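Novice: First the structure, then my questions, so here it is.
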Amino acid sequence: MFVVECHHMRQSKLFSKTRFESPKDEVSKNADLLIRGGFIFKEMAGVYAFLPLGLRVLKKIEKVIREEMNALGGQEVFLTTLQEKELWLKSGRWDDKVVDNWFKSELKNGTQVGLANTHEEALTDIMLSYVNSFRDLPIYAYQIQTKFRNEARAKSGILRGREFMMKDLYSFSKDKKEHDEFYERSKEAYKKVFERVGLGESTYITFASGGSFSKYSHEFQTLTESGEDTIYIDEAKKIAINKEVLNDEVLNELGLRKDTLIERKAIEVGNIFTLGTRFSDALGLKYKDEKGESKQVFMGSYGIGLSRLMGTIVEIFGKEGEMIWPEEVSPFKAHLISLAGNDEEVVKVSEKLYKELTDAGIEILFDDRDMRVGEKFADADLIGIPFRIISSKKTMEKNSFEIKDRVTGEISYLNTEEIIKKYSSR
RNA sequence: CGGAGUGUAGUGUAACGGUAGCAUUAAUGCUUUGGGAGCAUUCGGUCCGGGUUCAAAUCCCGGCACUCCGACCA
């Protein structure tokens, strides 16, 4: 929703601080590392604020998703959090017995409203105003915003919150055929998203329960022990089945054999779902086809939890007291660490490099603080930027800077020009 | 929602019913600077409300909060 405009930052000005010790009462790795690194702040169980570093990661994830959704033909919108009761009565989803995780409130005049946990109703209602003819379809609209769900039990840090960031896209197609075609394309778009944020290898497209309009929905499940879902994966075919739909008939239908499947824990990072005419029927969303006949719009919904995705990335790439963000979602391109001590010359050289890199448009976190090296490195380990640039007396004598690739551990020595060249192209 | 556990400086931890201590952070000064430095001084705390007791961080009751297990997750 917002653009991160500041390309660079001095660590001495960053208000968040790292913590040496793990917070008590946080067992999950993502909560531990993100809180210690100063990415997030816990407001209450399942409710977290994003601090400068955390927001940058979230915005990077958002950028990837936005690019892929736009490439898919999605048009971005921003719907409201306050939801009208009347609208949800039409779809039969206002009752707490039907949807038990509503947050509900009321206006001064007593009118009941709900905080949106999803937006099928709201967007379908909007489409009533704009969809008349077959010429108006298909329409793909998406948004990235906060969703509210009154979870009985929030848990696992930002993996399962009561308030969380979500991208939800809704497709409005003329018929099932047109829908199916888009549905397949959306799978590819989702794959790209998860590849770009670094989860490509560990994420499986997973058959899960569908609804009345299709036998299955598809989940994107990332393998990790801290996941709350159980899935059965076929390594060779790179697909999986959610435990909830696993039976002989399904195996047969998908051409999978029980003995080749491996049971694993996974986190659901995305989900695509064929809605059919469930909501267009309820709200009366129709269009006139070429012959002037009235037809129901055929819908689908496509979600990715951004904050959950961020937590999942930490679960996968975090270690004890250490994080390494995948390049595309790292809060900064590189972490420039000045080991100046009392040496004024090193300070000057570091400042000069910082200016030249930021002038070149490279996102740099500049550790300009007057602290001991050990502490600086420990902070950098926690903050998790994959590339580290060291400026010190040693490197000054070599007339270059030390570059460390934290993934490979590889160290190289480059001058300013070479550094700019290396990071401008990324 | 069912079950279990835990609430002590900003953070992490001690204290038999009897002076709330240690570490770290923060602040000041001096020294130190390629992996969480040293010395000195200073600031800062028992979740909330009741009860028992000469005396409660500690025991009892109620509330609230957090964590974990399970159920739920349209």
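By convention here, the chains of the structure tokens are called A, B, ... in the order presented, each chain's residues are numbered starting at 1, and ligands are numbered starting at 1 in the order presented.
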Counting only C-alpha atoms (C1' of nucleotides), collect the residues of chain B whose closest atom lies at most 6 Å from chain A, and write them out as a ChimeraX atom specification.
Specialist: /B:33,35-36,67,74
Novice: Going by DSSP on the backbone, which bits of stretch 195-267 of chain A are alpha helix (DSSP H)? Write them as a PyMOL selection string, please.
Specialist: chain A and resi 195-196+248-254
Novice: The selected residues should be written to file as a PDB file, in the first residue's frame (atoms: C-alpha atoms).
Specialist:
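Okay, part-v6.pdb is ready:
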```pdb
ATOM      1  CA  GLU A 195      10.432 -18.690  -5.984  1.00  0.00           C
ATOM      2  CA  ARG A 196      11.250 -14.999  -5.843  1.00  0.00           C
ATOM      3  CA  ASP A 248      -7.446 -44.185  -1.943  1.00  0.00           C
ATOM      4  CA  GLU A 249      -9.906 -42.674  -4.358  1.00  0.00           C
ATOM      5  CA  VAL A 250      -8.033 -39.353  -4.422  1.00  0.00           C
ATOM      6  CA  LEU A 251      -4.678 -41.073  -4.845  1.00  0.00           C
ATOM      7  CA  ASN A 252      -6.056 -43.006  -7.764  1.00  0.00           C
ATOM      8  CA  GLU A 253      -7.487 -39.943  -9.377  1.00  0.00           C
ATOM      9  CA  LEU A 254      -4.241 -37.991  -9.081  1.00  0.00           C
TER      10      LEU A 254
END
```
Novice: Which is closer to A:Pro386 than all the others in A:Asp405, A:Glu244, A:Asp95, A:Glu356, using only C-alpha atoms?
Specialist: A:Asp405
Novice: Could you pull out the strand (DSSP E or B) residues of stretch 1-70 of chain A, going by DSSP on the backbone, and write them as a VMD selection string?
Specialist: chain A and resid 9 to 10 40 to 44 47 to 50
Novice: Show me, as a PDB file with C-alpha atoms, in the first residue's frame, the residues that have an atom within 10 Å of A:Gly38 when counting only C-alpha atoms (C1' of nucleotides), minus same-chain residues fewer than 4 positions from it.
Specialist:
```pdb
ATOM      1  CA  LEU A  14      17.381   3.416  13.623  1.00  0.00           C
ATOM      2  CA  PHE A  15      15.182   3.523  16.699  1.00  0.00           C
ATOM      3  CA  SER A  16      14.796  -0.225  17.029  1.00  0.00           C
ATOM      4  CA  LYS A  17      17.552  -2.091  18.826  1.00  0.00           C
ATOM      5  CA  THR A  18      18.538  -5.703  18.712  1.00  0.00           C
ATOM      6  CA  ARG A  19      18.226  -7.853  21.785  1.00  0.00           C
ATOM      7  CA  LEU A  33      14.316 -13.757  15.706  1.00  0.00           C
ATOM      8  CA  LEU A  34      11.996 -11.027  14.475  1.00  0.00           C
ATOM      9  CA  PHE A  50       5.938  -3.810  12.084  1.00  0.00           C
ATOM     10  CA  LEU A  51       8.982  -1.689  12.891  1.00  0.00           C
ATOM     11  CA  PRO A  52      11.207  -0.031  10.256  1.00  0.00           C
ATOM     12  CA  LEU A  53      13.205  -3.150   9.383  1.00  0.00           C
ATOM     13  CA  GLY A  54      10.182  -5.417   9.451  1.00  0.00           C
ATOM     14  CA  LEU A 382      20.477 -10.885  13.565  1.00  0.00           C
ATOM     15  CA  ILE A 383      19.359  -8.260  11.064  1.00  0.00           C
TER      16      ILE A 383
END
```
Novice: Using only C-alpha atoms (C1' of nucleotides), which of B:C59, B:C54, B:A15, B:C43 sits nearest B:U28?
Specialist: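 Looking at the shortest contact to B:U28, the residue is B:C43.
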Novice: For A:Lys215, please output as a ChimeraX atom specification all residues within 12 Å (counting only C-alpha atoms (C1' of nucleotides); exclusion window: fewer than 4 positions along the same chain).
Specialist: /A:207-211,245,250,253-254,273-276
Novice: Find the residues around B:U46 up to 8 Å (only C-alpha atoms (C1' of nucleotides) counted), leave out those fewer than 3 positions away in its own chain, and share them as an NGL selection string.
Specialist: :B and (8 or 20 or 57)
Novice: Just how far from atom CA of A:Arg264 is atom CA of A:Ile231, in Å to one decimal?
Specialist: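 A separation of 5.5 Å between them.
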Novice: Within 12 Å of A:Leu89, counting only C-alpha atoms (C1' of nucleotides), which residues show up once you throw out same-chain ones fewer than 6 positions away? Write them as JSON, numbers by chain, please.
Specialist: {"A": [83, 95, 96, 98, 99, 112, 113, 114, 121, 279, 282, 283]}
Novice: Applying 9 Å and only C-alpha atoms (C1' of nucleotides), which residues near A:Thr222 remain after dropping the ones on its own chain fewer than 3 positions away? List them as a list in words.
Specialist: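 Final neighbour list, sorted by chain and number: Leu199, Gly200, Glu201, Ser202, Thr203, Tyr204, Ile205, Gly227, Lys265, Ala266, Ile267, Glu268, Val269, Thr312 and Ile316 of chain A.
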Novice: For B:A9, which of B:A71, B:C61, B:A26, B:A37 is the closest residue, counting only C-alpha atoms (C1' of nucleotides)?
Specialist: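 For B:A9, the nearest of the given residues is B:A26.
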